[in-house]
file run_12.tsv (TSV, C-alpha atoms and all ligand atoms)
chain	number	residue	atom	x	y	z
A	10	MET	CA	0.00	0.00	0.00
A	11	THR	CA	1.31	3.44	-0.83
A	12	PHE	CA	0.55	6.79	0.67
A	13	ALA	CA	0.41	9.25	-2.20
A	14	PRO	CA	1.49	12.81	-1.59
A	15	ARG	CA	-1.47	15.13	-1.24
A	16	PRO	CA	-2.21	16.50	-4.71
A	17	VAL	CA	-2.18	20.25	-4.33
A	18	ALA	CA	-1.50	21.70	-7.74
A	19	THR	CA	-1.21	20.42	-11.27
A	20	THR	CA	1.40	22.92	-12.40
A	21	ASP	CA	4.63	23.62	-10.56
A	22	ARG	CA	4.68	27.35	-11.17
A	23	PRO	CA	1.20	28.65	-11.71
A	24	ALA	CA	0.95	32.38	-12.42
A	25	VAL	CA	-1.62	32.70	-9.65
A	26	ALA	CA	-1.15	30.17	-6.88
A	27	LEU	CA	-4.28	30.03	-4.75
A	28	TYR	CA	-3.92	26.46	-3.53
A	29	SER	CA	-2.83	27.49	-0.03
A	30	ASP	CA	-1.35	30.22	2.14
A	31	THR	CA	1.21	27.60	3.22
A	32	LEU	CA	3.22	28.31	0.07
A	33	THR	CA	4.28	31.77	1.30
A	34	LEU	CA	8.04	32.33	1.24
A	35	PRO	CA	10.10	34.36	3.73
A	36	SER	CA	10.95	37.84	2.43
A	37	GLU	CA	14.54	39.10	2.23
A	38	ALA	CA	13.93	41.25	5.31
A	39	MET	CA	12.57	38.25	7.22
A	40	LYS	CA	15.64	36.21	6.23
A	41	ARG	CA	17.90	39.00	7.51
A	42	ALA	CA	16.08	38.94	10.85
A	43	MET	CA	16.64	35.17	10.95
A	44	PHE	CA	20.31	35.59	10.10
A	45	ASP	CA	20.82	38.12	12.90
A	46	ALA	CA	18.89	36.25	15.63
A	47	ALA	CA	20.46	35.59	19.02
A	48	LEU	CA	20.53	31.81	19.54
A	49	GLY	CA	20.81	29.22	22.28
A	50	ASP	CA	19.69	25.72	23.24
A	51	GLU	CA	15.89	25.85	23.04
A	52	GLN	CA	15.42	22.54	24.84
A	53	ALA	CA	17.25	23.98	27.86
A	54	GLY	CA	15.19	27.18	27.74
A	55	LEU	CA	18.28	29.11	26.64
A	56	ASP	CA	17.28	30.43	23.23
A	57	PRO	CA	16.59	34.14	23.85
A	58	THR	CA	14.72	34.64	20.59
A	59	VAL	CA	12.40	31.70	21.21
A	60	ASN	CA	11.80	32.99	24.73
A	61	GLU	CA	10.92	36.42	23.38
A	62	LEU	CA	8.52	34.92	20.82
A	63	CYS	CA	6.79	32.88	23.52
A	64	ARG	CA	6.42	35.97	25.72
A	65	ARG	CA	4.98	37.91	22.78
A	66	VAL	CA	2.40	35.25	21.90
A	67	ALA	CA	1.41	34.65	25.53
A	68	ALA	CA	0.81	38.42	25.89
A	69	LEU	CA	-1.08	38.56	22.58
A	70	PHE	CA	-3.52	35.96	23.91
A	71	GLY	CA	-3.56	37.20	27.53
A	72	LYS	CA	-2.13	33.87	28.78
A	73	GLU	CA	0.63	33.20	31.30
A	74	ASP	CA	3.02	31.26	29.13
A	75	ALA	CA	3.61	29.69	25.72
A	76	VAL	CA	5.69	27.05	23.97
A	77	PHE	CA	7.23	27.03	20.47
A	78	LEU	CA	6.33	23.97	18.41
A	79	PRO	CA	7.16	22.79	14.89
A	80	SER	CA	3.58	22.74	13.62
A	81	GLY	CA	-0.04	23.50	14.29
A	82	THR	CA	-0.82	19.81	14.25
A	83	MET	CA	1.57	19.32	17.16
A	84	CYS	CA	-0.16	22.18	19.03
A	85	ASN	CA	-3.54	20.49	18.64
A	86	GLN	CA	-2.19	17.06	19.55
A	87	ILE	CA	-0.31	18.26	22.62
A	88	ALA	CA	-3.36	20.20	23.79
A	89	MET	CA	-5.48	17.04	23.56
A	90	LEU	CA	-2.78	15.03	25.35
A	91	VAL	CA	-2.67	17.57	28.19
A	92	HIS	CA	-6.42	18.05	28.58
A	93	CYS	CA	-7.59	14.47	28.03
A	94	ARG	CA	-7.00	10.88	29.04
A	95	PRO	CA	-7.46	7.87	26.74
A	96	GLY	CA	-11.16	7.18	26.27
A	97	ASP	CA	-12.22	10.79	26.74
A	98	LEU	CA	-14.50	12.48	24.25
A	99	VAL	CA	-13.35	15.56	22.36
A	100	LEU	CA	-16.05	17.56	20.60
A	101	ALA	CA	-15.30	19.65	17.51
A	102	HIS	CA	-17.04	20.63	14.31
A	103	GLU	CA	-17.32	17.63	11.99
A	104	ASP	CA	-15.09	19.39	9.44
A	105	ALA	CA	-12.45	20.41	12.00
A	106	HIS	CA	-8.79	19.98	11.15
A	107	VAL	CA	-8.26	18.06	14.37
A	108	LEU	CA	-10.85	15.51	13.25
A	109	ALA	CA	-10.35	15.34	9.50
A	110	HIS	CA	-6.77	16.39	8.69
A	111	GLU	CA	-4.39	15.12	11.33
A	112	ALA	CA	-4.09	11.48	10.25
A	113	ALA	CA	-6.26	10.40	13.21
A	114	ALA	CA	-3.47	11.37	15.61
A	115	GLY	CA	-5.99	12.09	18.36
A	116	SER	CA	-6.93	8.43	18.52
A	117	ALA	CA	-3.55	7.02	17.48
A	118	LEU	CA	-1.52	9.01	20.02
A	119	GLY	CA	-3.94	10.27	22.66
A	120	GLY	CA	-6.56	7.53	22.59
A	121	VAL	CA	-9.35	10.09	22.46
A	122	LEU	CA	-12.62	9.81	20.62
A	123	ILE	CA	-13.46	12.91	18.58
A	124	GLY	CA	-17.14	13.58	18.03
A	125	GLY	CA	-18.19	15.82	15.14
A	126	LEU	CA	-20.77	18.57	15.60
A	127	ARG	CA	-22.81	19.93	12.70
A	128	GLY	CA	-23.42	23.50	11.73
A	129	ALA	CA	-23.13	25.95	8.85
A	130	ARG	CA	-19.77	27.50	7.93
A	131	GLY	CA	-17.75	25.36	10.33
A	132	GLN	CA	-19.59	26.66	13.39
A	133	PHE	CA	-22.24	25.41	15.79
A	134	ASP	CA	-24.23	26.87	18.65
A	135	SER	CA	-24.64	25.97	22.30
A	136	ALA	CA	-27.89	24.09	21.57
A	137	THR	CA	-25.99	21.74	19.24
A	138	LEU	CA	-23.24	21.34	21.81
A	139	THR	CA	-25.75	20.62	24.57
A	140	GLY	CA	-27.40	18.03	22.33
A	141	ALA	CA	-24.10	16.18	21.95
A	142	ILE	CA	-23.43	15.97	25.68
A	143	ARG	CA	-25.06	12.88	27.09
A	144	ALA	CA	-26.00	12.43	30.71
A	145	ARG	CA	-23.13	11.03	32.77
A	146	SER	CA	-23.40	7.26	32.90
A	147	ARG	CA	-21.11	4.32	32.94
A	148	TYR	CA	-21.84	3.82	29.21
A	149	ALA	CA	-21.21	7.23	27.71
A	150	PRO	CA	-17.71	8.53	26.94
A	151	ILE	CA	-16.86	11.51	29.11
A	152	PRO	CA	-16.84	14.80	27.16
A	153	ARG	CA	-13.60	16.41	28.28
A	154	LEU	CA	-12.61	18.99	25.68
A	155	LEU	CA	-14.21	21.32	23.17
A	156	VAL	CA	-12.11	22.40	20.18
A	157	ILE	CA	-13.02	25.48	18.17
A	158	GLU	CA	-11.27	26.72	15.03
A	159	GLN	CA	-10.90	30.46	14.74
A	160	THR	CA	-11.09	30.98	11.79
A	161	SER	CA	-12.84	27.84	10.60
A	162	HIS	CA	-10.86	26.34	7.72
A	163	LEU	CA	-13.57	24.27	6.05
A	164	GLY	CA	-16.13	26.84	7.10
A	165	GLY	CA	-14.47	28.98	4.42
A	166	GLY	CA	-12.35	31.00	6.87
A	167	SER	CA	-15.46	32.00	8.80
A	168	VAL	CA	-14.97	34.07	11.95
A	169	TRP	CA	-16.77	32.96	15.08
A	170	PRO	CA	-18.53	36.04	16.47
A	171	LEU	CA	-17.49	36.85	20.02
A	172	GLU	CA	-20.99	36.37	21.39
A	173	ARG	CA	-21.19	32.85	19.99
A	174	LEU	CA	-17.73	32.00	21.36
A	175	ARG	CA	-18.82	33.20	24.81
A	176	ASP	CA	-22.07	31.25	24.64
A	177	VAL	CA	-20.51	27.98	23.50
A	178	ALA	CA	-17.64	28.34	25.99
A	179	ALA	CA	-20.06	28.89	28.89
A	180	CYS	CA	-21.97	25.79	27.83
A	181	ALA	CA	-18.79	23.68	27.68
A	182	ARG	CA	-17.60	25.03	31.01
A	183	SER	CA	-20.88	24.26	32.74
A	184	ASN	CA	-20.41	20.70	31.56
A	185	ASP	CA	-16.90	20.50	33.07
A	186	MET	CA	-15.18	20.56	29.68
A	187	ALA	CA	-11.86	22.24	28.95
A	188	LEU	CA	-11.60	24.56	25.94
A	189	HIS	CA	-9.01	24.65	23.18
A	190	MET	CA	-8.84	27.12	20.30
A	191	ASP	CA	-7.17	26.10	17.03
A	192	GLY	CA	-5.97	29.52	15.89
A	193	ALA	CA	-4.17	28.49	12.71
A	194	ARG	CA	-5.50	31.61	10.94
A	195	LEU	CA	-6.66	33.52	13.99
A	196	MET	CA	-4.98	36.78	12.94
A	197	ASN	CA	-6.98	36.83	9.68
A	198	GLY	CA	-10.07	36.78	11.91
A	199	VAL	CA	-8.70	39.51	14.19
A	200	ILE	CA	-8.03	41.75	11.20
A	201	SER	CA	-11.42	41.02	9.66
A	202	SER	CA	-13.54	41.47	12.82
A	203	GLY	CA	-11.59	44.04	14.82
A	204	VAL	CA	-11.92	41.79	17.90
A	205	SER	CA	-8.59	41.34	19.70
A	206	ALA	CA	-6.82	37.98	19.94
A	207	SER	CA	-7.05	38.11	23.74
A	208	ASP	CA	-10.81	38.71	23.64
A	209	MET	CA	-11.24	35.78	21.27
A	210	ALA	CA	-9.08	33.54	23.48
A	211	ARG	CA	-10.40	34.73	26.84
A	212	ASP	CA	-12.50	31.68	27.72
A	213	PHE	CA	-10.04	29.13	26.32
A	214	ASP	CA	-7.54	27.10	28.34
A	215	SER	CA	-5.21	26.75	25.38
A	216	VAL	CA	-4.84	28.55	22.07
A	217	TRP	CA	-2.26	28.63	19.30
A	218	LEU	CA	-1.22	30.61	16.29
A	219	CYS	CA	0.36	29.32	13.08
A	220	PHE	CA	3.26	31.28	11.62
A	221	SER	CA	3.81	29.31	8.43
A	222	LYS	CA	0.55	30.19	6.68
A	223	GLY	CA	-0.57	33.74	5.92
A	224	LEU	CA	1.95	35.22	8.35
A	225	GLY	CA	4.70	34.13	5.96
A	226	ALA	CA	7.30	32.48	8.22
A	227	PRO	CA	8.83	29.20	7.02
A	228	PHE	CA	8.09	27.22	10.17
A	229	GLY	CA	6.46	27.12	13.54
A	230	ALA	CA	3.42	27.56	15.71
A	231	VAL	CA	3.12	28.80	19.29
A	232	LEU	CA	0.77	27.23	21.84
A	233	ALA	CA	-0.27	29.38	24.82
A	234	GLY	CA	-2.04	28.72	28.13
A	235	SER	CA	-1.58	28.84	31.89
A	236	SER	CA	1.87	28.17	33.37
A	237	GLU	CA	0.59	24.84	34.61
A	238	PHE	CA	-0.73	23.90	31.15
A	239	ILE	CA	2.53	24.86	29.45
A	240	ASP	CA	4.53	22.91	32.00
A	241	VAL	CA	2.70	19.71	31.08
A	242	ALA	CA	2.71	20.64	27.37
A	243	TRP	CA	6.51	20.86	27.54
A	244	ARG	CA	6.67	17.29	28.88
A	245	TRP	CA	4.65	16.12	25.87
A	246	LYS	CA	6.82	18.16	23.51
A	247	GLN	CA	9.87	16.40	24.93
A	248	ARG	CA	8.18	13.02	24.73
A	249	LEU	CA	7.07	13.46	21.12
A	250	GLY	CA	10.50	14.60	20.01
A	251	GLY	CA	9.49	18.21	19.48
A	252	ALA	CA	12.17	19.80	21.68
A	253	MET	CA	14.65	21.71	19.54
A	254	ARG	CA	18.03	23.48	19.66
A	255	GLN	CA	19.03	26.80	18.03
A	256	VAL	CA	15.61	27.49	16.55
A	257	GLY	CA	15.81	31.16	17.43
A	258	MET	CA	16.42	31.55	13.70
A	259	TYR	CA	12.86	30.41	13.12
A	260	ALA	CA	11.49	32.29	16.10
A	261	ALA	CA	13.03	35.45	14.64
A	262	ALA	CA	11.00	34.88	11.48
A	263	CYS	CA	7.86	34.56	13.62
A	264	ILE	CA	8.65	37.77	15.54
A	265	PHE	CA	9.24	39.51	12.22
A	266	ALA	CA	5.84	38.21	11.07
A	267	LEU	CA	4.13	39.62	14.16
A	268	ASP	CA	5.75	43.01	13.55
A	269	HIS	CA	5.28	43.23	9.78
A	270	ASN	CA	2.82	40.70	8.40
A	271	VAL	CA	-0.30	41.02	10.54
A	272	GLN	CA	-1.80	44.30	9.38
A	273	ARG	CA	-1.28	43.36	5.74
A	274	LEU	CA	-3.69	40.43	6.16
A	275	VAL	CA	-6.34	43.04	5.39
A	276	GLU	CA	-5.21	42.75	1.75
A	277	ASP	CA	-5.55	38.96	1.72
A	278	ASN	CA	-9.04	39.21	3.20
A	279	ALA	CA	-10.02	41.89	0.66
A	280	ASN	CA	-8.60	39.86	-2.22
A	281	ALA	CA	-10.64	36.85	-1.18
A	282	SER	CA	-13.80	38.99	-1.16
A	283	ARG	CA	-12.89	40.35	-4.58
A	284	LEU	CA	-12.38	36.86	-5.97
A	285	ALA	CA	-15.65	35.59	-4.49
A	286	ALA	CA	-17.58	38.58	-5.85
A	287	GLY	CA	-15.96	38.17	-9.28
A	288	ILE	CA	-17.06	34.55	-9.69
A	289	ALA	CA	-20.35	34.63	-7.73
A	290	ASP	CA	-22.56	34.90	-10.82
A	291	LEU	CA	-20.96	32.06	-12.80
A	292	PRO	CA	-23.56	29.54	-13.95
A	293	GLY	CA	-23.81	26.55	-11.63
A	294	LEU	CA	-20.99	27.61	-9.35
A	295	ALA	CA	-22.02	28.06	-5.70
A	296	VAL	CA	-19.60	30.48	-4.07
A	297	GLN	CA	-19.41	31.20	-0.36
A	298	GLN	CA	-18.70	34.85	0.42
A	299	PRO	CA	-15.70	34.82	2.75
A	300	ASP	CA	-15.06	36.55	6.08
A	301	THR	CA	-11.29	36.18	5.63
A	302	ASN	CA	-8.88	34.63	3.10
A	303	ILE	CA	-10.52	31.36	2.06
A	304	VAL	CA	-12.99	31.10	-0.82
A	305	LEU	CA	-14.98	27.86	-1.02
A	306	PHE	CA	-16.97	26.95	-4.10
A	307	ARG	CA	-19.17	23.98	-4.96
A	308	THR	CA	-19.14	22.73	-8.52
A	309	GLU	CA	-22.15	20.35	-8.74
A	310	GLY	CA	-24.13	22.78	-10.86
A	311	THR	CA	-21.34	23.32	-13.39
A	312	GLY	CA	-21.23	19.71	-14.57
A	313	LEU	CA	-17.59	19.51	-13.45
A	314	THR	CA	-16.03	17.90	-10.42
A	315	SER	CA	-13.81	20.14	-8.35
A	316	ALA	CA	-10.77	18.24	-9.70
A	317	GLU	CA	-11.88	18.85	-13.30
A	318	LEU	CA	-12.35	22.54	-12.61
A	319	ARG	CA	-8.98	22.63	-10.82
A	320	ASP	CA	-7.25	21.06	-13.84
A	321	ARG	CA	-8.90	23.47	-16.31
A	322	LEU	CA	-7.93	26.45	-14.16
A	323	ALA	CA	-4.38	25.10	-13.95
A	324	ALA	CA	-4.19	25.15	-17.74
A	325	GLU	CA	-4.95	28.89	-17.45
A	326	GLY	CA	-2.16	29.35	-14.88
A	327	VAL	CA	-4.34	29.41	-11.77
A	328	SER	CA	-4.03	26.77	-9.06
A	329	VAL	CA	-6.80	25.94	-6.59
A	330	THR	CA	-7.43	22.88	-4.42
A	331	ALA	CA	-10.05	20.17	-4.84
A	332	MET	CA	-11.09	19.50	-1.24
A	333	ASP	CA	-13.60	16.79	-2.04
A	334	HIS	CA	-15.57	15.66	-5.08
A	335	PHE	CA	-17.46	18.89	-5.62
A	336	LEU	CA	-15.80	21.27	-3.17
A	337	GLY	CA	-13.03	23.59	-4.33
A	338	ARG	CA	-10.92	26.05	-2.35
A	339	ALA	CA	-8.92	29.14	-3.21
A	340	VAL	CA	-6.76	30.75	-0.53
A	341	THR	CA	-5.34	34.27	-0.82
A	342	HIS	CA	-1.94	35.27	0.60
A	343	MET	CA	0.90	37.75	0.25
A	344	HIS	CA	2.18	36.45	-3.10
A	345	VAL	CA	-1.09	37.11	-4.91
A	346	ASP	CA	-2.00	40.76	-5.44
A	347	ARG	CA	-5.09	42.41	-6.85
A	348	ASP	CA	-3.93	41.88	-10.46
A	349	GLY	CA	-3.43	38.20	-9.71
A	350	ILE	CA	-6.97	38.02	-8.37
A	351	ASP	CA	-8.29	39.62	-11.54
A	352	LEU	CA	-6.35	37.07	-13.60
A	353	ALA	CA	-7.91	34.30	-11.52
A	354	ILE	CA	-11.40	35.76	-12.01
A	355	GLY	CA	-10.75	35.87	-15.77
A	356	ALA	CA	-9.65	32.23	-15.74
A	357	PHE	CA	-12.77	31.09	-13.83
A	358	ARG	CA	-14.97	33.04	-16.28
A	359	LYS	CA	-13.23	31.59	-19.32
A	360	VAL	CA	-13.35	28.02	-18.03
A	361	LEU	CA	-16.97	28.22	-16.97
A	362	GLY	CA	-18.02	29.89	-20.18
A	363	ALA	CA	-18.95	33.40	-19.07
A	364	ASN	CA	-17.36	36.74	-19.84
B	401	LIG	C1	-3.06	24.23	8.84
B	401	LIG	C2	-4.00	23.97	9.95
B	401	LIG	C3	-3.61	23.19	11.05
B	401	LIG	C4	-2.29	22.47	11.13
B	401	LIG	O1	-1.18	23.28	11.05
B	401	LIG	P1	0.21	22.65	10.51
B	401	LIG	O2	1.18	23.69	10.91
B	401	LIG	O3	0.03	22.50	9.04
B	401	LIG	O4	0.41	21.35	11.20
B	401	LIG	C5	-4.52	23.03	12.07
B	401	LIG	N1	-5.73	23.61	12.03
B	401	LIG	C6	-6.14	24.36	11.00
B	401	LIG	C7	-7.49	24.99	11.02
B	401	LIG	C8	-5.29	24.56	9.91
B	401	LIG	O5	-5.72	25.26	8.88
call {"tool": "encode", "arguments": {"input": "run_12.tsv", "output": "structure tokens", "more": "lines below"}}
Ligand SMILES: *Cc1c(COP(=O)(O)O)cnc(C)c1O
result
Amino acid sequence: MTFAPRPVATTDRPAVALYSDTLTLPSEAMKRAMFDAALGDEQAGLDPTVNELCRRVAALFGKEDAVFLPSGTMCNQIAMLVHCRPGDLVLAHEDAHVLAHEAAAGSALGGVLIGGLRGARGQFDSATLTGAIRARSRYAPIPRLLVIEQTSHLGGGSVWPLERLRDVAACARSNDMALHMDGARLMNGVISSGVSASDMARDFDSVWLCFSKGLGAPFGAVLAGSSEFIDVAWRWKQRLGGAMRQVGMYAAACIFALDHNVQRLVEDNANASRLAAGIADLPGLAVQQPDTNIVLFRTEGTGLTSAELRDRLAAEGVSVTAMDHFLGRAVTHMHVDRDGIDLAIGAFRKVLGAN
């Protein structure tokens, strides 16, 4: 049996690469910051640049402490390992990354059962959450942790409104559940809504931010929480082989991203809206208007599968992702400007026969 690499694009160098914001490259200025970083042994707590990054992210979220990790997946997995014991129930949206895109690590490594909640645009309300929490009995798995994605990836980058976050968090808390926020693209949501990261994270025991997507660093994610939480998270980081050495070089890229690449997310969000508006009227294409930088479109009505549409767009120099049979995704980021978006709109219109 083989495990094929995930097909992301059909051309190596598309003119307009919208398949993911993970393809962003460090700028020359970011590389200089990396080159100049003060370094030390991260595993021993002696890398000053990593320490500064962790302080910055903890403060951003209003938490006591933070830990630098190689990836967002490791942030989610370590959070589940800290909050849960084998056999516990984790609740998340049915399309959540932690459920659908982490190679079942929650069950393979943590022994948890992840239950999927339904709701439009990757979100759900407290009534849905309440409905999923069964009365305590010796039969039912114990619901231990609620995971929320801010923004919701397969919800099309949707931003959870603060009121709904508060409501769902209160419901989880009253049922003795811990709360974890997957903040892979949280800053896109901050920029779009004007709500601060610390307000979004207030009710959550753990929260993380990804630096290797729209923020443009080559590597890394930072997980924040109470000192006690981070203490245990560090044990899991060590255990999983995630402790590192002179990674201040990478932390410097993340600090640079916090200083220079957050405000500009407003452009990515605006470009996604422009793309969605420019293809909204195409016959048979169902386009979701985005809150942030992810445009989802369903292709049933066009007579094409999402892979067929992807391949035809690729021939026009535009790469998008086929998420499932009829669901396509375009993600905006710093290497695609307004002209690139207009090229992409032109390609969609040509392929789907409108002008
Ligand atoms: C990308 C992503 C992750 C995982 O981050 P990696 O750094 O790729 O491991 C987790 N959650 C969401 C919502 C994501 O989009």
call {"tool": "residues_near_ligand", "arguments": {"input": "run_12.tsv", "ligand": "ligand LIG 401 (chain B)", "cutoff": "7 Å", "atoms": "all atoms listed in the file", "output": "PDB file with C-alpha atoms, in the coordinates of the input"}}
result
ATOM      1  CA  SER A  80       3.580  22.740  13.620  1.00  0.00           C
ATOM      2  CA  GLY A  81      -0.040  23.500  14.290  1.00  0.00           C
ATOM      3  CA  THR A  82      -0.820  19.810  14.250  1.00  0.00           C
ATOM      4  CA  MET A  83       1.570  19.320  17.160  1.00  0.00           C
ATOM      5  CA  ALA A 105     -12.450  20.410  12.000  1.00  0.00           C
ATOM      6  CA  HIS A 106      -8.790  19.980  11.150  1.00  0.00           C
ATOM      7  CA  VAL A 107      -8.260  18.060  14.370  1.00  0.00           C
ATOM      8  CA  GLU A 158     -11.270  26.720  15.030  1.00  0.00           C
ATOM      9  CA  SER A 161     -12.840  27.840  10.600  1.00  0.00           C
ATOM     10  CA  HIS A 162     -10.860  26.340   7.720  1.00  0.00           C
ATOM     11  CA  ASP A 191      -7.170  26.100  17.030  1.00  0.00           C
ATOM     12  CA  GLY A 192      -5.970  29.520  15.890  1.00  0.00           C
ATOM     13  CA  ALA A 193      -4.170  28.490  12.710  1.00  0.00           C
ATOM     14  CA  ARG A 194      -5.500  31.610  10.940  1.00  0.00           C
ATOM     15  CA  CYS A 219       0.360  29.320  13.080  1.00  0.00           C
ATOM     16  CA  SER A 221       3.810  29.310   8.430  1.00  0.00           C
ATOM     17  CA  GLY A 229       6.460  27.120  13.540  1.00  0.00           C
ATOM     18  CA  ALA A 230       3.420  27.560  15.710  1.00  0.00           C
TER      19      ALA A 230
END
call {"tool": "closest_atom_pairs", "arguments": {"input": "run_12.tsv", "of": "region 201-285 of chain A", "to": "region 43-63 of chain A", "cutoff": "7 Å", "atoms": "all atoms listed in the file", "output": "tab-separated table"}}
result
residue	atom	partner	partner_atom	distance
A:Val231	CA	A:Cys63	CA	6.9
A:Ala252	CA	A:Gln52	CA	5.3
A:Met253	CA	A:Gln52	CA	5.4
A:Arg254	CA	A:Asp50	CA	4.5
A:Gln255	CA	A:Gly49	CA	5.2
A:Val256	CA	A:Glu51	CA	6.7
A:Gly257	CA	A:Thr58	CA	4.8
A:Met258	CA	A:Met43	CA	4.6
A:Tyr259	CA	A:Met43	CA	6.5
A:Ala260	CA	A:Val59	CA	5.2
A:Ala261	CA	A:Met43	CA	5.2
A:Ala262	CA	A:Met43	CA	5.7
A:Ile264	CA	A:Leu62	CA	6.0
call {"tool": "write_last_selection", "arguments": {"input": "run_12.tsv", "atoms": "C-alpha atoms", "output": "JSON list (two decimals), in the coordinates of the input"}}
result
[["chain", "number", "residue", "atom", "x", "y", "z"],
["A", 231, "VAL", "CA", 3.12, 28.80, 19.29],
["A", 252, "ALA", "CA", 12.17, 19.80, 21.68],
["A", 253, "MET", "CA", 14.65, 21.71, 19.54],
["A", 254, "ARG", "CA", 18.03, 23.48, 19.66],
["A", 255, "GLN", "CA", 19.03, 26.80, 18.03],
["A", 256, "VAL", "CA", 15.61, 27.49, 16.55],
["A", 257, "GLY", "CA", 15.81, 31.16, 17.43],
["A", 258, "MET", "CA", 16.42, 31.55, 13.70],
["A", 259, "TYR", "CA", 12.86, 30.41, 13.12],
["A", 260, "ALA", "CA", 11.49, 32.29, 16.10],
["A", 261, "ALA", "CA", 13.03, 35.45, 14.64],
["A", 262, "ALA", "CA", 11.00, 34.88, 11.48],
["A", 264, "ILE", "CA", 8.65, 37.77, 15.54]]
call {"tool": "atom_distance", "arguments": {"input": "run_12.tsv", "atom1": "CA of Gly128 (chain A)", "atom2": "CA of Asp104 (chain A)"}}
result
9.6 Å
call {"tool": "residues_around", "arguments": {"input": "run_12.tsv", "residues": "Ala114 (chain A)", "least_positions_apart": "2", "cutoff": "12 Å", "atoms": "only C-alpha atoms", "output": "CSV table (one decimal) with C-alpha atoms, in the coordinates of the input"}}
result
chain,number,residue,atom,x,y,z
A,82,THR,CA,-0.8,19.8,14.2
A,83,MET,CA,1.6,19.3,17.2
A,84,CYS,CA,-0.2,22.2,19.0
A,85,ASN,CA,-3.5,20.5,18.6
A,86,GLN,CA,-2.2,17.1,19.6
A,87,ILE,CA,-0.3,18.3,22.6
A,89,MET,CA,-5.5,17.0,23.6
A,90,LEU,CA,-2.8,15.0,25.4
A,106,HIS,CA,-8.8,20.0,11.2
A,107,VAL,CA,-8.3,18.1,14.4
A,108,LEU,CA,-10.8,15.5,13.2
A,109,ALA,CA,-10.4,15.3,9.5
A,110,HIS,CA,-6.8,16.4,8.7
A,111,GLU,CA,-4.4,15.1,11.3
A,112,ALA,CA,-4.1,11.5,10.2
A,116,SER,CA,-6.9,8.4,18.5
A,117,ALA,CA,-3.6,7.0,17.5
A,118,LEU,CA,-1.5,9.0,20.0
A,119,GLY,CA,-3.9,10.3,22.7
A,120,GLY,CA,-6.6,7.5,22.6
A,121,VAL,CA,-9.4,10.1,22.5
A,122,LEU,CA,-12.6,9.8,20.6
A,123,ILE,CA,-13.5,12.9,18.6
call {"tool": "residues_around", "arguments": {"input": "run_12.tsv", "residues": "Asn302 (chain A)", "least_positions_apart": "5", "cutoff": "10 Å", "atoms": "only C-alpha atoms", "output": "PyMOL selection string"}}
result
chain A and resi 29-30+160+162+165-167+194+197-198+201+223+274-282+284+339-342
call {"tool": "closest_residue", "arguments": {"input": "run_12.tsv", "among": "A:Leu294, A:Met343, A:Leu352, A:Ala233", "to": "Arg273 (chain A)", "atoms": "all atoms listed in the file"}}
result
A:Met343
call {"tool": "residues_around", "arguments": {"input": "run_12.tsv", "residues": "His189 (chain A)", "least_positions_apart": "5", "cutoff": "9 Å", "atoms": "all atoms listed in the file", "output": "NGL selection string"}}
result
:A and (85 or 88-89 or 92 or 154-158 or 210 or 213-217)
call {"tool": "atom_distance", "arguments": {"input": "run_12.tsv", "atom1": "CA of Pro79 (chain A)", "atom2": "CA of Arg65 (chain A)"}}
result
17.2 Å
call {"tool": "atom_distance", "arguments": {"input": "run_12.tsv", "atom1": "CA of Ala226 (chain A)", "atom2": "CA of Gly203 (chain A)"}}
result
23.1 Å
call {"tool": "closest_residue", "arguments": {"input": "run_12.tsv", "among": "A:Arg182, A:Ser236, A:Asp268, A:Ile354", "to": "Ala285 (chain A)", "atoms": "all atoms listed in the file"}}
result
A:Ile354
call {"tool": "decode", "arguments": {"input": "run_12.tsv", "residues": "region 293-301 of chain A", "atoms": "N, CA and C atoms", "output": "short mmCIF file (atom, residue, chain, number, x, y, z; two decimals), in the first residue's frame"}}
result
data_model
loop_
_atom_site.label_atom_id
_atom_site.label_comp_id
_atom_site.auth_asym_id
_atom_site.auth_seq_id
_atom_site.Cartn_x
_atom_site.Cartn_y
_atom_site.Cartn_z
N GLY A 293 -23.99 27.85 -12.29
CA GLY A 293 -23.81 26.55 -11.63
C GLY A 293 -22.80 26.54 -10.51
N LEU A 294 -22.01 27.59 -10.40
CA LEU A 294 -20.99 27.61 -9.35
C LEU A 294 -21.58 28.23 -8.09
N ALA A 295 -21.50 27.51 -6.96
CA ALA A 295 -22.02 28.06 -5.70
C ALA A 295 -20.85 28.55 -4.88
N VAL A 296 -20.76 29.86 -4.71
CA VAL A 296 -19.60 30.48 -4.07
C VAL A 296 -19.98 31.00 -2.70
N GLN A 297 -19.17 30.67 -1.71
CA GLN A 297 -19.41 31.20 -0.36
C GLN A 297 -18.64 32.51 -0.18
N GLN A 298 -19.36 33.56 0.19
CA GLN A 298 -18.70 34.85 0.42
C GLN A 298 -17.86 34.75 1.70
N PRO A 299 -16.59 35.07 1.61
CA PRO A 299 -15.70 34.82 2.75
C PRO A 299 -15.66 35.95 3.78
N ASP A 300 -15.38 35.56 5.05
CA ASP A 300 -15.06 36.55 6.08
C ASP A 300 -13.58 36.92 6.01
N THR A 301 -12.75 35.96 5.59
CA THR A 301 -11.29 36.18 5.63
C THR A 301 -10.65 35.77 4.30
#
